[in-house]
Amino acid sequence: MLAILPRQWGEDMMAESLQWRVRCSCGYEYTVWDAGGIRWKAKGTPKLYRKCTHCGQTTWQTIYRAENKTA
Ligand SMILES: [Zn+2]
């Protein structure tokens, strides 16, 4: 049985990852895609303990799903 992932799956994964945003306590925000392209399926507001590239502090950063925004 040969299974090939449809190309759309990859696009959906990227699109969803771009909707998830990570916000540091300093106010800096970036997309989960920027953080490594991890697809988040968790509900609520999970937190991520990592170093902020903006303020340089290792903090608990809130992950939330943003609405689809243009620009
Ligand atoms: Zn920060």
# chains A, B, ... in the order shown; residues from 1 in each chain; ligands from 1

$ residues_around --residues "Gln19 in chain A" --least-positions-apart "5" --cutoff "8 Å" --atoms "only C-alpha atoms" --output "VMD selection string"
chain A and resid 31 to 32 65 to 68

$ write_last_selection --atoms "N, CA and C atoms" --output "short mmCIF file (atom, residue, chain, number, x, y, z; two decimals), in the first residue's frame"
data_model
loop_
_atom_site.label_atom_id
_atom_site.label_comp_id
_atom_site.auth_asym_id
_atom_site.auth_seq_id
_atom_site.Cartn_x
_atom_site.Cartn_y
_atom_site.Cartn_z
N THR A 31 5.04 34.01 15.19
CA THR A 31 4.18 32.88 14.88
C THR A 31 4.85 31.58 15.28
N VAL A 32 4.03 30.59 15.53
CA VAL A 32 4.56 29.27 15.85
C VAL A 32 5.40 28.76 14.68
N ARG A 65 -4.25 31.25 19.50
CA ARG A 65 -4.58 31.19 18.10
C ARG A 65 -5.18 32.52 17.67
N ALA A 66 -4.56 33.14 16.73
CA ALA A 66 -5.02 34.43 16.25
C ALA A 66 -5.97 34.24 15.08
N GLU A 67 -6.79 35.25 14.88
CA GLU A 67 -7.68 35.23 13.73
C GLU A 67 -6.85 35.41 12.47
N ASN A 68 -7.41 34.97 11.38
CA ASN A 68 -6.74 35.17 10.11
C ASN A 68 -6.70 36.66 9.78
#

$ residues_around --residues "range 47-54 of chain A" --least-positions-apart "2" --cutoff "12 Å" --atoms "only C-alpha atoms" --output "tab-separated table (two decimals) with N, CA and C atoms, in the first residue's frame"
chain	number	residue	atom	x	y	z
A	20	TRP	N	-1.22	30.28	14.81
A	20	TRP	CA	-0.83	30.22	16.21
A	20	TRP	C	0.30	31.19	16.49
A	21	ARG	N	0.12	31.98	17.51
A	21	ARG	CA	1.12	32.98	17.83
A	21	ARG	C	1.64	32.79	19.25
A	22	VAL	N	2.88	33.17	19.44
A	22	VAL	CA	3.51	33.08	20.74
A	22	VAL	C	3.79	34.51	21.21
A	23	ARG	N	3.38	34.80	22.44
A	23	ARG	CA	3.59	36.14	22.95
A	23	ARG	C	4.42	36.10	24.23
A	24	CYS	N	5.49	36.82	24.22
A	24	CYS	CA	6.36	36.91	25.38
A	24	CYS	C	5.80	37.96	26.34
A	25	SER	N	6.24	37.89	27.59
A	25	SER	CA	5.78	38.85	28.58
A	25	SER	C	6.23	40.27	28.24
A	26	CYS	N	7.23	40.38	27.39
A	26	CYS	CA	7.71	41.72	27.01
A	26	CYS	C	6.84	42.31	25.91
A	27	GLY	N	5.94	41.49	25.38
A	27	GLY	CA	5.03	41.99	24.36
A	27	GLY	C	5.40	41.57	22.96
A	28	TYR	N	6.57	40.97	22.83
A	28	TYR	CA	7.01	40.52	21.51
A	28	TYR	C	6.20	39.31	21.06
A	29	GLU	N	5.80	39.32	19.82
A	29	GLU	CA	5.01	38.22	19.29
A	29	GLU	C	5.65	37.66	18.03
A	30	TYR	N	5.47	36.36	17.87
A	30	TYR	CA	5.91	35.71	16.65
A	30	TYR	C	5.02	34.51	16.41
A	32	VAL	N	4.03	30.59	15.53
A	32	VAL	CA	4.56	29.27	15.85
A	32	VAL	C	5.40	28.76	14.68
A	34	ASP	N	7.35	30.54	12.92
A	34	ASP	CA	8.68	31.11	13.09
A	34	ASP	C	9.45	30.36	14.17
A	35	ALA	N	8.72	29.80	15.12
A	35	ALA	CA	9.35	29.11	16.24
A	35	ALA	C	9.80	27.70	15.85
A	40	TRP	N	0.22	23.11	16.34
A	40	TRP	CA	-0.35	23.01	17.67
A	40	TRP	C	-1.82	22.65	17.58
A	42	ALA	N	-3.40	21.80	20.49
A	42	ALA	CA	-3.90	21.94	21.85
A	42	ALA	C	-4.95	23.04	21.93
A	43	LYS	N	-5.82	22.87	22.87
A	43	LYS	CA	-6.85	23.87	23.07
A	43	LYS	C	-6.49	24.75	24.26
A	44	GLY	N	-7.21	25.86	24.37
A	44	GLY	CA	-6.93	26.77	25.47
A	44	GLY	C	-5.72	27.63	25.16
A	45	THR	N	-4.99	27.97	26.18
A	45	THR	CA	-3.81	28.80	25.99
A	45	THR	C	-2.59	28.12	26.61
A	56	GLY	N	15.58	38.52	25.13
A	56	GLY	CA	16.68	37.69	25.58
A	56	GLY	C	16.40	36.93	26.86
A	57	GLN	N	15.22	37.11	27.41
A	57	GLN	CA	14.85	36.44	28.65
A	57	GLN	C	14.19	35.09	28.34
A	58	THR	N	14.44	34.12	29.20
A	58	THR	CA	13.74	32.85	29.07
A	58	THR	C	12.49	32.92	29.94
A	59	THR	N	11.36	32.95	29.30
A	59	THR	CA	10.11	33.18	30.02
A	59	THR	C	9.05	32.20	29.56
A	60	TRP	N	7.98	32.16	30.35
A	60	TRP	CA	6.80	31.41	29.92
A	60	TRP	C	6.05	32.28	28.93
A	61	GLN	N	5.92	31.77	27.72
A	61	GLN	CA	5.27	32.55	26.68
A	61	GLN	C	3.95	31.92	26.32
A	62	THR	N	2.98	32.77	26.19
A	62	THR	CA	1.62	32.31	25.93
A	62	THR	C	1.41	32.02	24.45
A	63	ILE	N	0.83	30.86	24.19
A	63	ILE	CA	0.51	30.49	22.82
A	63	ILE	C	-0.99	30.67	22.63
A	64	TYR	N	-1.36	31.37	21.61
A	64	TYR	CA	-2.78	31.53	21.35
A	64	TYR	C	-3.02	31.54	19.85
